[in-house]
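J.: Just dropping this structure here.
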There are 2 protein chains.
Amino acid sequence: MFAPLQNDSFLRACLRQATPHTPVWLMRQAGRYLAEYRATRAQAGSFMGLATNTDFATEVTLQPIDRYGLDAAILFSDILTVPDAMGLGLDFVAGEGPKFERHVRDEAAVAALAVPDMDKLRYVFDAVTSIRRALNGRVPLIGFSGSPWTLACYMVEGGSSSDYRAVKTLMYQRPDLMHRILAVNADAVAAYLNAQIEAGAQAVMVFDSWGGVLADGAFQSFSLDYTRRVLSQLHQTHAGQTIPSIVFTKGGGQWLADMQSLDCNALGVDWTVNLGQARALVGDSHALQGNLDPMALFAGPEQVAAEAVRVLEAFGTPHQGDGLGPTHIFNLGHGINQFTPPEHVQVLVDTVHNYSAQMRHV
Amino acid sequence: MFAPLQNDSFLRACLRQATPHTPVWLMRQAGRYLAEYRATRAQAGSFMGLATNTDFATEVTLQPIDRYGLDAAILFSDILTVPDAMGLGLDFVAGEGPKFERHVRDEAAVAALAVPDMDKLRYVFDAVTSIRRALNGRVPLIGFSGSPWTLACYMVEGGSSSDYRAVKTLMYQRPDLMHRILAVNADAVAAYLNAQIEAGAQAVMVFDSWGGVLADGAFQSFSLDYTRRVLSQLHQTHAGQTIPSIVFTKGGGQWLADMQSLDCNALGVDWTVNLGQARALVGDSHALQGNLDPMALFAGPEQVAAEAVRVLEAFGTPHQGDGLGPTHIFNLGHGINQFTPPEHVQVLVDTVHNYSAQMRHV
C-alpha cells in the first residue's frame, strides 16, 4: 500500500482536468547537471550500477523532487533495459555512450528475438516500488519505455548513430524483418510498462526519441503503428486509479494530426512546435506536454523566466472549471543538458507555477 | 560568353513552367560516393585543396553529370568559404570535420565582423565561370551559400555541434549580438551569391541546414528573416536570363507556411515532409524540391525505384501546358551519403525521368 497522493496536478492535467497551476517536470530531471546526482553516481561506479541498484535509483529519482517543487517524478532508468533483457549485451563505454555486444541485422538474429522474461527486468520494477514508497505521496511517479522504433534503432545500429544507416537500410531492404523486430518490441514494451504500473507507476510515457528521423509514410508504418500496438495493450487503470499515458516523438511536430489518432492521454512535443497551433489542432482530444528548448536554460535568469512565459502564453490559458478541456504539462522539448546551471531550473519551475496561476485569474 | 543551354528542365521547373519530365539533381552529387571523385581528391591532397583549385573543382562538378543524366550541376564548394573569408581561419581536421581557429562568441569578436572583400572568394567565382564553360550548355549550373543562421552556427560553435549549445546560449543571452552577426552574414551571403551569378551561376540555392534546430519563434526571427534579407538583395536576372532561387531548410517542414512568404522560386524540403500536403499548402506560389530519404539508396534497385515512384506520386502530376503552376524538382531530402552504391543513383535518375514522363501522359 502506498501513501495517498498530495499533489495530483500532473495526473489531472494528463487527464484534461483543470488544475490551479500548470504542472511542470523535466525530461532527464535526475541527471548529471545536479551535483548530488554526480555524487551518487560516483558511489555507484557506473551508469548501470546506478540504474540497477534500487537504493541508488530511488535516491537520484528523488533528488530533483527534493531540490525543486516539481509536480512529478520519473523513474531513473534507461531506455535500453528492454533490449538488454533480450540478451543483446548492453555496455556503456566511457565517452561513447551505450553499445550492444550483438547487433540485430540478419534473418537469424531477428528470428531469435522474443519478448524477454520480465523477471530479468525485476530491478526496474523493484526500483519503481521503492521510489513510489520513498515519494510518500508527494508527487506521482511516471514510468517509461523507449518506443518500439527507437529501441529498434539501437538494436540494429548497436549503439547511437548520426545517420541511422544500418536501421534504415534494413527497413528499406527488408521491411518484413523490420516489422518482425517492431512487433516483438511492441509486445515487450507493453509488458514492461504494465509491470511498471503493477509495481506502482502512476502514469507511463513512451519516448519515441528517433521517430523524427523517418520519412513521411515510414513514420506512420514503422513507428506510430507500433506505438499504437503498445498502447492497445496497456492497463488503463490499476488499483482503482486511471493510469495516464504520454507519447513523445522528438521531431514529430508535423505528424501531430497522425499522432492524434493514438489512444493515449497526452502528446509530448519538442521546441520546434508552436503550442498554440498544436492546441488548435488537437483540440480536446489530448493534453499537450512541452516544449521549452533545453538550451534556453543557459541564458540568464530573466531570460529563462521570459522564455518560460513565452511557452505558457503560446499554449494559452488552459481549460478551467469542471469537465474536460485543453490542458498543458510544462516540460522541456528534450532532456535537460548536463551543463545546465541548476539554479536556472529553480527559476523555471517558480515561473511556471506563479505565472500559470496568474493566467488563470485574469 | 557561354554556350546556349540544351536542357532547361531544371530552370523551367524552378520557375513553375511545364517540363516533359521531372528534373532531378542530388545534393552533394559530386562527392565521396564516386570513385572518380575520390581519385581527384587524392590528387588535390585535401578538401580545400579541391575546392580552391579551379581545375579540380571543375572536374569533380562535372563527374556526376558525365556519369548520370542529371538535369543540373551544382558548384563544388563548401558553405564555410564565407566565414573563412571573414578571417576565422577554416581548417578541415581529418575525422573531425571543419573547424575554425577563432570563435565568434563575445562582443569584441562580433564587433570585428564585416562583409568580407569578395576578392578573397575569387577562387569560387573563377570555379563558377570555369564550370559553366566546361558544361558547355549541357545543363544549368547552380550556385549556393549557407544561410546566415547556418553560417552563424559554425562561426559561434567553431565547428560542428551536436547540441548547438554555444550558438543558442549566445542567442538566448545576447540576442542583440546574434542579430548583428546575422545581419553581417546576410549581406555577405547576398554579395557572395550575386558574384556567383555574375560569374555564371544560372540559379542559386540557400542551404539553411541548421534552421531546424531552432525553436518555433526563434526560427522566424533568427533564420527566416535573414534568409529574407539575402533574397531581397539578389539579382533577379542576369544577362537577360531570370535567375531562380531555392531555399532549403532541413527540418523546416512544419514552417512551410512561414517559408511561403519568402521571395524565392522554389522551396526545398526534407524527407519528413509529405509532398502532397506541401503542394496543397504552397499551391501556386513556389516550386517544391525534394525529398527522398538518402538512406533509401541503400536498398536494392527495385526498392530504390519504388521509393522514387512514391516520392513522385506523393507530389502528383505536375502542372502541364502553358502558364505557371505546381512543379516538382526531384532531389534527396539531404546530401547523398558517402557510402551510397553509385549504381543505385543511376536507377534513381532513370526512374525519375521515365516514370515522371509517363505520369504526364496518363
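Ordering of the C-alpha cells sets the chain letters (A, B, ...); residue numbers start at 1 within each chain; ligands are numbered from 1 in the order shown.
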Provide as a list in words the residues of chain B at most 7 Å from chain A, counting only C-alpha atoms.
T.: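 Those within range of chain A come out as Arg165, Lys168, Thr169, Tyr172, Gln173, Leu214, Ala215, Asp216, Gly253, Gln254, Trp271, Thr272, Val273, Asn274, Asp293, Met295, Ala296, Phe298, Ala299 and Gly300 of chain B.
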J.: Env of Leu34 (chain A): 10 Å cut, atoms = only C-alpha atoms, seq-sep filter 4 positions within chain, self excluded. Answer as a PyMOL selection string.
T.: chain A and resi 29-30+38-39+60+63-64+67+338-343
J.: Write out as a PyMOL selection string all residues of region 10-161 of chain A that backbone DSSP assigns to strand (DSSP E or B).
T.: chain A and resi 24+73-74+90-93+97-100+141-146+159
J.: Can you tell me, as an MDAnalysis selection string, what residues are no more than 7 Å from Ile243 (chain A) when counting only C-alpha atoms, ignoring any on the same chain fewer than 3 positions away?
T.: chainID A and resid 202:203 236:238
J.: With only C-alpha atoms as the basis for distance, which of A:Gly240, A:Pro83, A:Gly200, A:Gly268 is at the shortest distance from Leu182 (chain A)?
T.: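 Closest candidate: A:Pro83.
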J.: Extract, using only C-alpha atoms, all DNA, RNA and protein residues at most 10 Å from Phe76 (chain B), discarding same-chain residues fewer than 5 positions from it, and format them as a CSV table (one decimal) with N, CA and C atoms, in the first residue's frame.
T.:
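For reference, out37.csv as written:
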```csv
chain,number,residue,atom,x,y,z
B,28,ARG,N,24.9,17.3,-52.9
B,28,ARG,CA,26.3,16.7,-52.7
B,28,ARG,C,26.5,15.6,-53.8
B,29,GLN,N,26.0,15.8,-55.0
B,29,GLN,CA,26.1,14.8,-56.1
B,29,GLN,C,27.5,14.6,-56.5
B,30,ALA,N,28.4,15.7,-56.4
B,30,ALA,CA,29.8,15.5,-56.6
B,30,ALA,C,30.4,15.2,-55.2
B,31,GLY,N,30.6,13.9,-54.9
B,31,GLY,CA,31.1,13.6,-53.6
B,31,GLY,C,31.7,12.2,-53.5
B,50,LEU,N,40.9,20.8,-53.1
B,50,LEU,CA,40.0,20.5,-54.2
B,50,LEU,C,39.1,21.8,-54.5
B,51,ALA,N,38.6,22.4,-53.4
B,51,ALA,CA,37.6,23.5,-53.6
B,51,ALA,C,38.3,24.7,-54.1
B,52,THR,N,39.6,24.9,-53.8
B,52,THR,CA,40.2,26.2,-54.1
B,52,THR,C,40.9,26.1,-55.5
B,54,THR,N,40.7,25.7,-59.3
B,54,THR,CA,39.6,25.8,-60.4
B,54,THR,C,39.5,24.6,-61.2
B,56,PHE,N,40.4,21.4,-60.5
B,56,PHE,CA,39.9,20.3,-59.7
B,56,PHE,C,38.4,20.5,-59.4
B,57,ALA,N,38.0,21.7,-59.1
B,57,ALA,CA,36.6,22.0,-58.7
B,57,ALA,C,35.7,21.7,-60.0
B,58,THR,N,36.2,22.1,-61.1
B,58,THR,CA,35.5,21.9,-62.4
B,58,THR,C,35.4,20.4,-62.7
B,59,GLU,N,36.5,19.7,-62.5
B,59,GLU,CA,36.5,18.3,-62.8
B,59,GLU,C,35.4,17.5,-61.9
B,60,VAL,N,35.4,17.8,-60.6
B,60,VAL,CA,34.5,17.0,-59.8
B,60,VAL,C,33.1,17.4,-59.9
B,61,THR,N,32.9,18.7,-60.3
B,61,THR,CA,31.5,19.2,-60.5
B,61,THR,C,30.9,18.4,-61.7
B,62,LEU,N,31.7,18.2,-62.7
B,62,LEU,CA,31.2,17.5,-63.9
B,62,LEU,C,31.1,16.0,-63.8
B,124,VAL,N,36.2,31.0,-55.8
B,124,VAL,CA,34.9,30.4,-56.0
B,124,VAL,C,34.3,30.9,-57.3
B,127,ALA,N,35.9,29.4,-60.3
B,127,ALA,CA,35.4,28.0,-60.4
B,127,ALA,C,34.0,28.0,-61.1
B,128,VAL,N,33.2,28.9,-60.7
B,128,VAL,CA,31.8,29.0,-61.4
B,128,VAL,C,32.0,29.3,-62.9
B,131,ILE,N,33.4,26.1,-64.6
B,131,ILE,CA,32.5,25.0,-64.6
B,131,ILE,C,31.4,25.3,-65.7
B,142,ILE,N,24.1,25.5,-60.7
B,142,ILE,CA,23.5,26.1,-59.5
B,142,ILE,C,24.7,26.6,-58.7
B,143,GLY,N,24.6,27.9,-58.2
B,143,GLY,CA,25.5,28.4,-57.2
B,143,GLY,C,24.8,28.3,-55.8
B,144,PHE,N,25.6,28.4,-54.8
B,144,PHE,CA,24.9,28.2,-53.4
B,144,PHE,C,25.7,28.9,-52.3
```
J.: Which value, in Å to one decimal, gives the distance between CA of Ala73 (chain A) and CA of Val204 (chain A)?
T.: 11.3 Å
J.: Which value, in Å to one decimal, gives the distance between CA of Arg229 (chain B) and CA of Leu193 (chain B)?
T.: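 Going from CA of Arg229 (chain B) over to CA of Leu193 (chain B), I get 12.7 Å.
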J.: Extract, using only C-alpha atoms, all DNA, RNA and protein residues at most 12 Å from Gln241 (chain B), discarding same-chain residues fewer than 5 positions from it, and format them as a PyMOL selection string.
T.: chain B and resi 4-5+8+11-12+15+140+197-198+200-203+235-236
J.: List every residue of region 81-116 of chain B that DSSP, applied to the backbone, labels as alpha helix (DSSP H), and write the result as a PDB file with N, CA and C atoms, in the first residue's frame.
T.:
```pdb
ATOM      1  N   THR B  81      33.108  28.788 -46.840  1.00  0.00           N
ATOM      2  CA  THR B  81      34.027  29.704 -47.519  1.00  0.00           C
ATOM      3  C   THR B  81      33.812  31.154 -47.064  1.00  0.00           C
ATOM      4  N   VAL B  82      32.567  31.527 -46.788  1.00  0.00           N
ATOM      5  CA  VAL B  82      32.290  32.922 -46.404  1.00  0.00           C
ATOM      6  C   VAL B  82      32.884  33.266 -45.028  1.00  0.00           C
ATOM      7  N   PRO B  83      32.601  32.479 -43.977  1.00  0.00           N
ATOM      8  CA  PRO B  83      33.261  32.789 -42.694  1.00  0.00           C
ATOM      9  C   PRO B  83      34.785  32.704 -42.786  1.00  0.00           C
ATOM     10  N   GLU B 107      31.449  40.190 -27.462  1.00  0.00           N
ATOM     11  CA  GLU B 107      31.133  41.486 -28.045  1.00  0.00           C
ATOM     12  C   GLU B 107      32.224  41.952 -29.012  1.00  0.00           C
ATOM     13  N   ALA B 108      33.482  41.758 -28.632  1.00  0.00           N
ATOM     14  CA  ALA B 108      34.587  42.223 -29.478  1.00  0.00           C
ATOM     15  C   ALA B 108      34.641  41.451 -30.791  1.00  0.00           C
ATOM     16  N   ALA B 109      34.474  40.145 -30.704  1.00  0.00           N
ATOM     17  CA  ALA B 109      34.520  39.319 -31.919  1.00  0.00           C
ATOM     18  C   ALA B 109      33.357  39.662 -32.845  1.00  0.00           C
ATOM     19  N   VAL B 110      32.211  39.946 -32.262  1.00  0.00           N
ATOM     20  CA  VAL B 110      31.052  40.304 -33.089  1.00  0.00           C
ATOM     21  C   VAL B 110      31.268  41.666 -33.732  1.00  0.00           C
ATOM     22  N   ALA B 111      31.786  42.609 -32.955  1.00  0.00           N
ATOM     23  CA  ALA B 111      32.023  43.962 -33.481  1.00  0.00           C
ATOM     24  C   ALA B 111      33.022  43.937 -34.634  1.00  0.00           C
TER      25      ALA B 111
END
```
